Structure formats: C-alpha cells, structure tokens
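So the structure is just underneath, and the comments pick up after that.
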Amino acid sequence: MKRGNVDLYTNAMVREVTTDGDGLATGVVYVNTLDMQEYHILGRTVVLGASACETARLLLNSKSNWYPDGLANGSGLIGRYLHDSTGAGRSAIVPALIDRDRYNEDGARGIHVYSPWWLDNSQLDFPRGYHLEFGGGMGMPLYGVGFGMDSMRQHITDEFGNPSKNGGYGTGLKKDIYKLYGSTIGVVGRGESIPQYSNYCEIDPDTVDKYGIPVLRFHYQWTEHELKQARHMQETFEELLTSLGGIPLGEKPGADSQYGLEAPGRIIHEVGTTRMGDDPGSSVLNKYAQAHECKNLFVVDAGQFVSQADKNPTWTIMALSWRTSDYILDQMKQGNL
Amino acid sequence: MNRREHLKLLLAGSVGAGLFLATGCSTKDEEISREILAQNELSYGRTDEEKQRDARLIEERFFTDIEFEMVRVLTEIIIPSDEESGGALDAGVPDFIEFMMKDQPQLQLVTRGGLMWLNSQCNTRFGSQFLDCSEYQRLEMIDEIAWPDEFAPEMQYGVRFFNRMRDLTATGFFTSQIGIEYLDYRGNRPGFWDGVPEDVLEKHGLEYDQKTLDECIREEDRNRIAVWDENMNLL
Ligand SMILES: Cc1cc2nc3c(=O)[nH]c(=O)nc-3n(C[C@H](O)[C@H](O)[C@H](O)COP(=O)(O)OP(=O)(O)OC[C@H]3O[C@@H](n4cnc5c(N)ncnc54)[C@H](O)[C@@H]3O)c2cc1C
C-alpha cells in the first residue's frame with residue numbers, strides 16, 4: 001500500500017453534500033468543531049459512511065434545484081424502512097448456583113453457549129426469527145453489583161431452610177450478597193424485524209444541533225410480527241430458565257408491555273435508510289451502493305441494508321464497503337467516475 | 001522492557017502480580033509499571049474534555065458536612081466492618097456516593113430529600129436530628145425503613161430512600177478493593193484456562209461430555225500454529 005495519499009480532516013462535522021449544475025456531487029461542506037467556521041472540500045466522488053441515520057440526515061439536508069427533496073431522493077425513500085433488531089430478555093436466579101465455589105469464570109462467558117437461531121421458522125406464527133444470547137457468571141464486579149437486595153435476599157435460605165428477609169443491613173446483608181454473586185443468569189433474544197415504509201426518520205423543521213444543522217426526528221412502531229416474535233421469545237426464555245432449575249425474576253412481560261420488546265433503537269442496529277435495489281423507483285442505491293440518481297455518490301454504512309437478518313450489522317457493513325471500494329476503483333479505471 | 005512495551009502489556013489488561021510471573025519481569029520493570037499506573041490512575045485513556053469533567057466532578061462537593069456525616073453513618077450501618085473484612089467506611093463508600101450524586105444528578109434531589117426526611121422523622125420521634133440520636137435510637141428508626149416487605153404505610157418514602165442507599169452502599173463496597181477481596185472475585189488469570197475445575201463440577205454432579213472435551217484445546221496443544229497446504233487445507 002502506498003503512503004501519503006490520504007488527507008484526513010479531523011474535527012470536521014459535515015453539514016451537506018454539494019452538487020453542480022449537472023447533479024453530480026462536488027464535495028462536502030463541514031463545520032470545523034474547533035473554530036466553528038464552515039469549510040468546503042471538493043472531491044471526485046463522495047462516499048458517505050456516517051451511519052444509517054446520519055447519512056439520511058446529510059442527504060435530506062443537501063437540497064438544491066436539482067434535488068429539491070434532498071440529494072438522490074427522487075424516490076422519496078431516504079429515511080424510510082429504517083429498522084433495528086428486535087430485543088427482549090429475562091433473567092432468573094438459579095438456586096443451585098447460590099453460594100458456590102469461586103474460580104475464574106471470565107474465561108467462560110456467554111459466547112460459549114452458541115444458539116444462532118431458534119427453531120424452524122416455517123413452524124412459527126411470525127416471519128423470520130431470532131437467536132439467543134446468554135449471560136451470567138462470576139464476572140468482574142461493576143456498578144450495579146449488590147443492587148436489588150430489597151427483592152433478592154428472599155432466595156437465600158439458612159441451614160434450617162428459613163429464607164432471609166428482603167432488604168435489611170449489616171453483616172447478614174454482606175454475607176447474602178456474597179452468596180448471591182454469580183447465581184443469576186440472563187437470556188436475551190435478538191431477532192429480525194420486518195422493514196416498513198411507515199417507519200422512518202425525517203428532518204425536524206423545528207430543531208438544529210449546536211452547529212446549526214437540522215436534526216432528525218423519528219417515527220417508528222413495531223408491528224404484530226415483532227410483537228408475536230417477542231411473545232414467542234418470552235415463552236422460550238421461561239421454558240429454558242425454569243427447565244434448568246431457575247426462578248425467573250420479575251413478572252413475565254405480557255401484552256401490556258409489548259412482551260418486553262425494547263423500544264426501536266435500543267438494540268442500536270439501525271439500518272435501512274438508503275436501501276439498495278435495482279429499481280430507482282423503490283430504492284435509493286444500486287447494488288454497488290451507488291446512488292441511482294447521482295453516479296459519483298456512494299453510501300458505505302448500513303443505510304443500504306434492505307433487511308438485516310437477526311445479526312449484528314458491522315461485518316456486513318465492512319464487507320459491503322469493501323465491495324463498493326473495489327467497484328469505485330474499477331469505475332475510476334474505466335473512466336466512468 | 002522499555003516504557004512502550006510496558007504500556008502495551010498494561011493495555012492488554014493483565015495488571016498485577018500474575019503479569020510479572022508470566023513474563024519474567026525484573027523488580028525494576030515492576031517499578032516502572034507501577035509508576036505508569038500511578039500517573040494515569042484516574043485519567044487513563046480519557047480525552048481532554050473527559051479529564052476536565054472528571055476534575056470538575058471531583059472538586060465539586062454536593063453534600064454539606066452534616067449530610068456527608070449522615071451518609072457516613074448510614075453506609076457503616078449498611079455494611080459495617082466485622083471480623084471478616086473492613087466495612088463501608090474502610091472501603092471509601094461515602095466518597096463513592098458523593099461522586100455518584102454528581103455523576104447521576106437525578107440522585108441528588110431524592111438523596112438530599114431522604115436525608116432531610118430522616119432528620120424530621122427523628123425529630124418527631126426522639127426530639128433530635130439523626131446524628132444527635134443515640135445509636136439505639138438510630139437503629140430503631142432504620143428498622144422502620146429497612147425491611148421492604150413489612151413497613152408502616154407512612155414509612156413508604158423512607159423505605160425507597162433506604163433501598164437506594166443500600167444499593168449505592170453495596171455497589172460502592174463490592175467494587176472497592178476490600179469488597180472485591182471479600183467477594184473473592186477471581187478474574188481472568190494469565191496462563192491456561194481449563195474450564196470449570198473438576199472438584200466444582202463434581203460438587204454439582206456434573207461433568208464435561210466427551211464431545212466437548214475432544215473439541216476443546218488441550219494444554220499441550222496450546223502453542224501449535226495452524227499449517228495449511230498449498231490448497232489451503234488445514235494440516
Ligand atoms: C454500544 C453499541 C454496541 C454495539 N455492538 C455491536 C456488536 O457487538 N456487533 C455489531 O456488529 N454491531 C454492534 N453495534 C452496531 C455497530 O456499532 C454499528 O452498526 C456500526 O458501527 C455502524 O457502522 P458505520 O460505519 O455505519 O457507522 P459508525 O461506526 O457510526 O461510523 C460513522 C462515523 O461517521 C462520523 N460522522 C457521523 N456524522 C458525521 C458528520 N456529519 N460529519 C463527519 N463525520 C460524521 C462519526 O463520527 C463516525 O466516526 C453496536 C452499536 C453500539 C452503539
């Protein structure tokens with residue numbers, strides 16, 4: 001690899017992508033966060049990798065005569081089909097693990113239990129599916145260790161089988177925390193949600209950030225697919241936790257709490273705002289993540305995802321950016337860019 | 001080792017005696033490492049903005065002297081020193097709680113209000129503030145709010161306050177050196193991790209199945225490096 005060919009601009013908050021009279025991208029305008037002045041850098045191609053929502057924001061904020069609704073937004077789809085993974089969880093105390101021998105358990109955390117996909121999804125009453133992740137063990141004590149003794153001490157019994165009283169103070173409390181350490185386990189489900197046109201982010205006309213750049217606002221509702229999935233997850237959690245002898249903690253989340261389904265955005269796998277596809281009417285980017293309407297504009301973050309399975313997105317983002325990079329090089333060599 | 005190598009090792013997270021055993025460091029090496037750790041105690045890996053924020057939080061005082069004294073008394077009631085270990089005061093828990101008030105400002109009002117509530121309860125009951133009560137009176141008051149499954153309805157606020165103080169005290173204590181030692185947290189150790197120790201498995205009536213044992217690395221195979229033939233088949 002040759003060195004010295006990259007100019008890296010740091011402390012640069014990009015506000016918009018600029019275009020010329022032919023609708024081609026010419027560069028970006030950014031605010032230098034140190035001197036708070038605006039600058040313009042020019043480039044032969046513009047590649048956005050600002051993360052799914054921020055890229056949508058940049059494009060929607062890049063309006064011109066050529067692109068009155070935002071750059072490359074002829075389809076009106078920028079910001080649409082925003083989606084996150086589903087997530088729900090449950091934990092339990094396992095009496096067999098109370099007051100157990102100490103040893104190094106940091107070598108054996110949740111990743112040692114592999115559960116990539118739960119059941120055959122042709123048998124389920126919702127589309128797609130989810131995987132499970134497990135947690136627990138005698139991990140490093142962090143903020144939060146020892147919390148909740150107002151409801152957890154009752155699980156400790158003395159040699160006559162009498163349970164401790166919840167709450168309290170003193171040496172007895174300290175001893176019970178010792179015994180409870182490493183005796184709870186948690187299961188979380190992470191699943192695939194169904195991308196919806198009606199779930200989207202858009203520019204909030206009322207609000208700007210401290211650089212004066214308009215910010216996004218979000219419209220996102222889970223549908224019955226995700227609710228059924230979460231209900232199924234809760235059944236699975238309870239079955240797993242009780243069959244290994246655990247006592248599930250708290251109430252089992254029901255319909256009134258959307259079966260414990262986390263709010264959209266909580267799993268932090270936001271994707272899909274500049275989806276790819278062959279048809280410029282129903283997608284923003286082509287299969288190389290090149291904007292249909294602006295051939296020297298590319299998006300290499302998760303905006304291009306059409307769906308995201310149940311998995312975490314980073315590796316796919318990297319693989320797709322690699323492919324896009326190869327394509328850009330190839331197109332430059334051919335003189336198309 | 002030079003400073004750079006030291007830093008690399010420290011960054012890898014394996015600080016402590018085990019490190020020196022594992023890498024065969026000299027006493028001089030050990031000294032340099034301690035020095036680097038000491039210089040970076042509160043600021044390692046922080047940006048300038050974060051360092052400034054930390055410095056500001058540490059400098060600010062939230063509790064008044066009287067409030068802080070009440071916190072000291074309460075934490076030592078919750079986790080006292082006993083024959084097995086030091087208690088909340090030895091572990092520096094009151095300073096931790098002072099820090100948390102600034103780190104999570106939503107705790108400020110409820111904690112200050114709770115301390116005031118406690119004082120007014122003691123005033124009504126015993127005619128003196130919490131700190132001026134006898135030890136016996138203090139405990140009589142605490143017993144009204146320390147047991148969340150059985151309390152008089154008018155004590156509800158106090159129970160919530162005390163639950164929160166119990167949480168903060170416990171977590172402050174068990175994340176301190178004294179608490180971690182009492183908890184007997186083992187942590188990751190350099191060397192070979194060979195699964196759950198045999199005697200522990202036995203106690204729980206469990207054993208590893210043969211498939212797992214076959215798939216897991218054996219200590220004697222640890223430093224073998226994978227080799228592939230020209231067709232990328234693993235040899
Ligand atoms: C706490 C957390 C845990 C996660 N865990 C996992 C995990 O275990 N596995 C996994 O696969 N995924 C995980 N994710 C998701 C994953 O991190 C993201 O999906 C991924 O990093 C997105 O990559 P990206 O390159 O699109 O965007 P980012 O990694 O967000 O990079 C965008 C970059 O653009 C910069 N930027 C943004 N706006 C501007 C602007 N206007 N001007 C200039 N620069 C700008 C940002 O500073 C940033 O450096 C996690 C996310 C979070 C928040």
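We name chains A, B, ... following the order of the structure tokens; residues begin at 1 in each chain, and ligands are numbered from 1 as shown.
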Show me which residues line ligand 1, defined as having an atom within 6 Å of a ligand atom where only C-alpha atoms and all ligand atoms count, and present them as a list in words. Ala12, Met13, Val14, Arg15, Gly49, Ala50, Ser51, Ala52, Glu54, Ile268, His269, Asp301, Ala302, Asn312, Pro313, Thr314 and Trp315 of chain A
Could you build a table of the residues in chain A lying no more than 12 Å from chain B, giving for each the nearest pair of atoms and their separation in Å rounded to one decimal place, using only C-alpha atoms, ordered by chain and ascending residue number, as CSV?
```
residue,atom,partner,partner_atom,distance
A:Pro95,CA,B:His204,CA,11.6
A:Ala96,CA,B:His204,CA,7.8
A:Leu97,CA,B:His204,CA,9.0
A:Ile98,CA,B:His204,CA,11.5
A:Asp99,CA,B:Leu183,CA,10.7
A:Arg100,CA,B:Val200,CA,8.4
A:Asp101,CA,B:Val200,CA,6.7
A:Arg102,CA,B:Asp184,CA,6.8
A:Tyr103,CA,B:Arg186,CA,5.8
A:Asn104,CA,B:Arg186,CA,5.1
A:Glu105,CA,B:Gly187,CA,7.0
A:Asp106,CA,B:Asn188,CA,5.3
A:Gly107,CA,B:Asn188,CA,6.5
A:Ala108,CA,B:Gly195,CA,7.4
A:Arg109,CA,B:Gly195,CA,11.1
A:His112,CA,B:Gly195,CA,10.9
A:Val113,CA,B:Thr212,CA,11.8
A:Gly137,CA,B:Tyr185,CA,10.8
A:Met138,CA,B:Tyr185,CA,7.0
A:Gly139,CA,B:Gly187,CA,6.9
A:Met140,CA,B:Gly187,CA,6.4
A:Pro141,CA,B:Thr175,CA,5.6
A:Leu142,CA,B:Thr175,CA,6.1
A:Tyr143,CA,B:Thr171,CA,5.9
A:Gly144,CA,B:Thr171,CA,5.7
A:Val145,CA,B:Thr171,CA,5.2
A:Gly146,CA,B:Ala170,CA,5.1
A:Phe147,CA,B:Asp167,CA,4.6
A:Gly148,CA,B:Asp167,CA,6.6
A:Met149,CA,B:Asp167,CA,7.5
A:Asp150,CA,B:Pro148,CA,6.2
A:Ser151,CA,B:Pro148,CA,8.2
A:Met152,CA,B:Pro148,CA,11.3
A:Arg153,CA,B:Trp147,CA,10.9
A:Gln154,CA,B:Asp149,CA,10.2
A:Ser164,CA,B:Trp147,CA,11.0
A:Lys165,CA,B:Trp147,CA,7.4
A:Asn166,CA,B:Trp147,CA,6.3
A:Gly167,CA,B:Trp147,CA,5.1
A:Gly168,CA,B:Ala146,CA,4.9
A:Tyr169,CA,B:Ile78,CA,4.4
A:Gly170,CA,B:Ile78,CA,5.0
A:Thr171,CA,B:Ile79,CA,6.4
A:Gly172,CA,B:Ile79,CA,9.0
A:Leu173,CA,B:Ile79,CA,7.5
A:Lys174,CA,B:Ile79,CA,6.4
A:Lys175,CA,B:Leu183,CA,9.1
A:Asp176,CA,B:Leu183,CA,10.6
A:Ile177,CA,B:Ala170,CA,8.3
A:Tyr178,CA,B:Leu183,CA,5.6
A:Lys179,CA,B:Leu183,CA,8.8
A:Leu180,CA,B:Leu183,CA,10.2
A:Tyr181,CA,B:Leu183,CA,7.9
A:Gly182,CA,B:Tyr185,CA,9.9
```
Pull the helix (DSSP H, G or I) assignments for stretch 76-129 of chain B out of DSSP run on the backbone, and list those residues as number ranges by chain. B: 76-78, 93-103, 106-126
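Straight-line separation from atom CA of A:Gly27 to atom CA of A:Asn199: 29.8 Å.
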May I have a table of the residues of stretch 40-105 of chain A lying at most 10 Å from stretch 114-133 of chain A, giving each one's closest pair of atoms and their distance in Å to one decimal, counting only C-alpha atoms, ordered by chain and ascending residue number, as a tab-separated table?
```
residue	atom	partner	partner_atom	distance
A:Ser85	CA	A:Tyr130	CA	9.3
A:Thr86	CA	A:Tyr130	CA	8.3
A:Gly87	CA	A:Tyr130	CA	9.0
A:Ala88	CA	A:Leu132	CA	9.9
A:Gly89	CA	A:Glu133	CA	9.2
```
Would you mind reading off the distance between atom CA of A:Val17 and atom CA of A:Ile317, one decimal, in Å?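 Atom CA of A:Val17 sits 21.5 Å away from atom CA of A:Ile317.
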So the first atom is atom CA of A:Lys295 and the second is atom CA of A:Arg3; what is the distance between them in Å, to one decimal place?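 Atom-to-atom, atom CA of A:Lys295 and atom CA of A:Arg3 are spaced 27.7 Å apart.
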Write out as number ranges by chain the residues lying within 9 Å of A:Thr223, counting only C-alpha atoms and excluding same-chain residues fewer than 4 positions away. A: 193-194, 196, 227-228
Restricted to N, CA and C atoms, what would the selected residues look like written as a tab-separated table (two decimals), in the first residue's frame?
```tsv
chain	number	residue	atom	x	y	z
A	193	SER	N	-36.51	-7.88	12.43
A	193	SER	CA	-37.78	-7.17	12.32
A	193	SER	C	-38.10	-6.99	10.83
A	194	ILE	N	-39.34	-6.70	10.54
A	194	ILE	CA	-39.75	-6.54	9.14
A	194	ILE	C	-39.69	-5.05	8.79
A	196	GLN	N	-40.40	-1.52	7.34
A	196	GLN	CA	-41.68	-0.92	6.97
A	196	GLN	C	-41.46	0.45	6.34
A	227	LEU	N	-44.25	-8.16	17.64
A	227	LEU	CA	-44.91	-8.47	18.91
A	227	LEU	C	-45.05	-9.97	19.09
A	228	LYS	N	-45.43	-10.66	18.01
A	228	LYS	CA	-45.56	-12.13	18.11
A	228	LYS	C	-44.20	-12.77	18.37
```
Give the strand (DSSP E) residues of stretch 15-257 of chain A, as DSSP finds them on the backbone, and put them as a short mmCIF file (atom, residue, chain, number, x, y, z; two decimals) with N, CA, C and O atoms, in the first residue's frame.
```cif
data_model
loop_
_atom_site.label_atom_id
_atom_site.label_comp_id
_atom_site.auth_asym_id
_atom_site.auth_seq_id
_atom_site.Cartn_x
_atom_site.Cartn_y
_atom_site.Cartn_z
N ARG A 15 -22.02 19.13 7.05
CA ARG A 15 -23.39 19.62 7.05
C ARG A 15 -24.15 19.15 5.83
O ARG A 15 -25.31 18.78 5.90
N GLU A 16 -23.50 19.19 4.66
CA GLU A 16 -24.22 18.78 3.46
C GLU A 16 -23.25 18.38 2.36
O GLU A 16 -22.06 18.73 2.40
N VAL A 17 -23.79 17.65 1.39
CA VAL A 17 -23.04 17.29 0.20
C VAL A 17 -23.41 18.31 -0.88
O VAL A 17 -24.59 18.60 -1.09
N THR A 18 -22.40 18.87 -1.52
CA THR A 18 -22.69 19.88 -2.55
C THR A 18 -22.74 19.20 -3.92
O THR A 18 -22.10 18.17 -4.16
N THR A 19 -23.51 19.80 -4.83
CA THR A 19 -23.63 19.25 -6.19
C THR A 19 -23.46 20.37 -7.21
O THR A 19 -23.57 21.56 -6.86
N ALA A 25 -22.17 15.09 -7.55
CA ALA A 25 -21.64 15.53 -6.25
C ALA A 25 -20.28 16.19 -6.46
O ALA A 25 -19.46 15.71 -7.26
N THR A 26 -20.04 17.30 -5.75
CA THR A 26 -18.77 18.00 -5.90
C THR A 26 -17.93 17.97 -4.63
O THR A 26 -16.74 18.25 -4.66
N GLY A 27 -18.52 17.67 -3.50
CA GLY A 27 -17.77 17.66 -2.25
C GLY A 27 -18.69 17.82 -1.07
O GLY A 27 -19.89 17.57 -1.17
N VAL A 28 -18.12 18.23 0.05
CA VAL A 28 -18.94 18.43 1.25
C VAL A 28 -18.61 19.76 1.90
O VAL A 28 -17.48 20.25 1.82
N VAL A 29 -19.60 20.31 2.57
CA VAL A 29 -19.40 21.48 3.43
C VAL A 29 -19.36 20.98 4.87
O VAL A 29 -20.23 20.18 5.25
N TYR A 30 -18.35 21.40 5.61
CA TYR A 30 -18.31 20.96 7.02
C TYR A 30 -18.04 22.14 7.94
O TYR A 30 -17.51 23.17 7.53
N VAL A 31 -18.43 21.93 9.20
CA VAL A 31 -18.13 22.91 10.25
C VAL A 31 -16.92 22.38 11.00
O VAL A 31 -16.91 21.23 11.44
N ASN A 32 -15.88 23.19 11.11
CA ASN A 32 -14.74 22.81 11.94
C ASN A 32 -15.16 23.01 13.40
O ASN A 32 -15.48 24.12 13.81
N GLU A 38 -17.20 27.35 8.70
CA GLU A 38 -17.56 26.40 7.65
C GLU A 38 -16.49 26.33 6.58
O GLU A 38 -15.89 27.34 6.22
N TYR A 39 -16.27 25.14 6.07
CA TYR A 39 -15.28 24.93 5.01
C TYR A 39 -15.90 24.05 3.93
O TYR A 39 -16.85 23.31 4.19
N HIS A 40 -15.34 24.10 2.76
CA HIS A 40 -15.84 23.30 1.64
C HIS A 40 -14.67 22.47 1.12
O HIS A 40 -13.63 23.02 0.80
N ILE A 41 -14.82 21.16 1.05
CA ILE A 41 -13.77 20.34 0.41
C ILE A 41 -14.37 19.73 -0.85
O ILE A 41 -15.52 19.30 -0.84
N LEU A 42 -13.54 19.69 -1.89
CA LEU A 42 -14.02 19.16 -3.16
C LEU A 42 -13.49 17.74 -3.36
O LEU A 42 -12.43 17.38 -2.85
N VAL A 46 -18.03 11.28 -3.73
CA VAL A 46 -18.34 11.47 -2.31
C VAL A 46 -18.84 10.13 -1.78
O VAL A 46 -19.79 9.55 -2.34
N VAL A 47 -18.19 9.62 -0.75
CA VAL A 47 -18.57 8.35 -0.15
C VAL A 47 -19.02 8.64 1.28
O VAL A 47 -18.23 9.11 2.09
N LEU A 48 -20.28 8.37 1.58
CA LEU A 48 -20.79 8.63 2.93
C LEU A 48 -20.75 7.36 3.75
O LEU A 48 -21.22 6.31 3.30
N THR A 86 -34.89 -6.63 16.82
CA THR A 86 -35.77 -6.74 17.98
C THR A 86 -34.94 -7.19 19.18
O THR A 86 -33.88 -7.80 19.01
N GLY A 87 -35.43 -6.90 20.36
CA GLY A 87 -34.71 -7.34 21.55
C GLY A 87 -35.65 -7.49 22.72
O GLY A 87 -36.54 -6.67 22.93
N ALA A 88 -35.50 -8.57 23.45
CA ALA A 88 -36.22 -8.76 24.71
C ALA A 88 -35.36 -9.68 25.56
O ALA A 88 -34.42 -10.30 25.04
N GLY A 89 -35.65 -9.76 26.82
CA GLY A 89 -34.83 -10.61 27.68
C GLY A 89 -35.54 -10.97 28.97
O GLY A 89 -36.60 -10.44 29.28
N ARG A 90 -34.95 -11.88 29.70
CA ARG A 90 -35.48 -12.29 31.00
C ARG A 90 -34.32 -12.85 31.80
O ARG A 90 -33.39 -13.42 31.22
N SER A 91 -34.38 -12.70 33.11
CA SER A 91 -33.32 -13.30 33.91
C SER A 91 -33.92 -14.15 35.02
O SER A 91 -35.11 -14.09 35.29
N ALA A 92 -33.07 -14.92 35.64
CA ALA A 92 -33.54 -15.85 36.67
C ALA A 92 -32.43 -16.05 37.69
O ALA A 92 -31.25 -15.85 37.39
N ILE A 93 -32.85 -16.41 38.88
CA ILE A 93 -31.87 -16.84 39.87
C ILE A 93 -31.89 -18.36 39.89
O ILE A 93 -32.96 -18.98 39.80
N TYR A 130 -35.25 -15.41 15.45
CA TYR A 130 -34.35 -14.75 16.40
C TYR A 130 -33.30 -15.72 16.91
O TYR A 130 -33.45 -16.93 16.77
N HIS A 131 -32.23 -15.17 17.47
CA HIS A 131 -31.25 -16.02 18.14
C HIS A 131 -31.23 -15.66 19.63
O HIS A 131 -31.85 -14.68 20.04
N LEU A 132 -30.51 -16.46 20.41
CA LEU A 132 -30.45 -16.24 21.86
C LEU A 132 -29.02 -15.93 22.27
O LEU A 132 -28.07 -16.43 21.69
N GLU A 133 -28.90 -15.07 23.27
CA GLU A 133 -27.59 -14.80 23.87
C GLU A 133 -27.71 -14.98 25.38
O GLU A 133 -28.74 -14.62 25.95
N PHE A 134 -26.68 -15.51 25.98
CA PHE A 134 -26.74 -15.86 27.40
C PHE A 134 -25.72 -15.06 28.20
O PHE A 134 -24.64 -14.76 27.70
N GLY A 135 -26.08 -14.73 29.41
CA GLY A 135 -25.15 -14.00 30.27
C GLY A 135 -25.22 -14.51 31.70
O GLY A 135 -26.18 -15.16 32.09
N GLY A 136 -24.20 -14.18 32.45
CA GLY A 136 -24.17 -14.60 33.86
C GLY A 136 -22.75 -14.85 34.28
O GLY A 136 -21.82 -14.44 33.60
N THR A 184 -27.22 -15.51 39.25
CA THR A 184 -28.28 -15.16 38.31
C THR A 184 -27.78 -15.34 36.88
O THR A 184 -26.60 -15.17 36.60
N ILE A 185 -28.70 -15.71 36.02
CA ILE A 185 -28.36 -15.79 34.60
C ILE A 185 -29.41 -15.03 33.80
O ILE A 185 -30.53 -14.82 34.28
N GLY A 186 -29.05 -14.61 32.64
CA GLY A 186 -29.98 -13.88 31.79
C GLY A 186 -29.96 -14.46 30.38
O GLY A 186 -28.95 -14.98 29.92
N VAL A 187 -31.10 -14.40 29.73
CA VAL A 187 -31.18 -14.78 28.32
C VAL A 187 -31.77 -13.59 27.59
O VAL A 187 -32.75 -13.01 28.06
N VAL A 188 -31.18 -13.21 26.47
CA VAL A 188 -31.83 -12.20 25.64
C VAL A 188 -32.03 -12.78 24.25
O VAL A 188 -31.28 -13.64 23.79
N GLY A 189 -33.08 -12.31 23.60
CA GLY A 189 -33.33 -12.66 22.21
C GLY A 189 -33.05 -11.46 21.35
O GLY A 189 -33.33 -10.33 21.73
N ARG A 190 -32.44 -11.71 20.21
CA ARG A 190 -32.23 -10.65 19.22
C ARG A 190 -32.77 -11.18 17.90
O ARG A 190 -32.35 -12.25 17.46
N GLY A 191 -33.68 -10.46 17.30
CA GLY A 191 -34.33 -11.02 16.13
C GLY A 191 -34.42 -10.08 14.96
O GLY A 191 -34.03 -8.91 15.02
N TYR A 200 -39.73 5.55 9.78
CA TYR A 200 -38.78 6.43 9.08
C TYR A 200 -38.25 7.54 9.97
O TYR A 200 -38.81 7.85 11.03
N CYS A 201 -37.16 8.14 9.49
CA CYS A 201 -36.67 9.38 10.08
C CYS A 201 -36.77 10.47 9.03
O CYS A 201 -36.73 10.18 7.83
N GLU A 202 -36.92 11.68 9.50
CA GLU A 202 -37.03 12.82 8.58
C GLU A 202 -36.43 14.03 9.29
O GLU A 202 -36.20 13.99 10.50
N ILE A 203 -36.21 15.10 8.52
CA ILE A 203 -35.67 16.31 9.13
C ILE A 203 -36.74 16.97 10.01
O ILE A 203 -37.88 17.11 9.59
N ASP A 204 -36.36 17.33 11.21
CA ASP A 204 -37.24 18.07 12.11
C ASP A 204 -37.11 19.55 11.77
O ASP A 204 -36.05 20.14 12.00
N PRO A 205 -38.15 20.14 11.21
CA PRO A 205 -38.01 21.53 10.76
C PRO A 205 -37.84 22.51 11.92
O PRO A 205 -37.50 23.68 11.71
N ASP A 206 -38.02 22.04 13.13
CA ASP A 206 -38.05 22.91 14.31
C ASP A 206 -36.74 22.98 15.08
O ASP A 206 -36.61 23.79 15.98
N THR A 207 -35.80 22.07 14.79
CA THR A 207 -34.67 21.92 15.70
C THR A 207 -33.35 21.79 14.95
O THR A 207 -33.28 21.08 13.95
N VAL A 208 -32.34 22.48 15.43
CA VAL A 208 -30.99 22.29 14.89
C VAL A 208 -30.05 21.88 16.01
O VAL A 208 -30.37 22.05 17.19
N PRO A 214 -29.92 21.10 10.90
CA PRO A 214 -31.20 20.49 11.28
C PRO A 214 -31.03 19.02 11.68
O PRO A 214 -30.26 18.28 11.05
N VAL A 215 -31.76 18.61 12.71
CA VAL A 215 -31.62 17.24 13.22
C VAL A 215 -32.78 16.38 12.72
O VAL A 215 -33.71 16.87 12.10
N LEU A 216 -32.71 15.08 13.04
CA LEU A 216 -33.75 14.14 12.62
C LEU A 216 -34.82 14.01 13.68
O LEU A 216 -34.59 14.24 14.87
N ARG A 217 -36.01 13.62 13.23
CA ARG A 217 -36.99 13.08 14.18
C ARG A 217 -37.46 11.74 13.63
O ARG A 217 -37.33 11.46 12.44
N PHE A 218 -38.00 10.92 14.53
CA PHE A 218 -38.23 9.51 14.19
C PHE A 218 -39.69 9.11 14.35
O PHE A 218 -40.38 9.58 15.25
N HIS A 219 -40.14 8.24 13.45
CA HIS A 219 -41.49 7.68 13.52
C HIS A 219 -41.33 6.17 13.38
O HIS A 219 -40.90 5.69 12.33
N ILE A 247 -35.43 -19.68 38.89
CA ILE A 247 -36.66 -19.00 39.26
C ILE A 247 -36.66 -17.67 38.52
O ILE A 247 -35.88 -16.78 38.85
N PRO A 248 -37.51 -17.53 37.47
CA PRO A 248 -37.48 -16.28 36.70
C PRO A 248 -37.78 -15.08 37.59
O PRO A 248 -38.61 -15.16 38.49
#
```
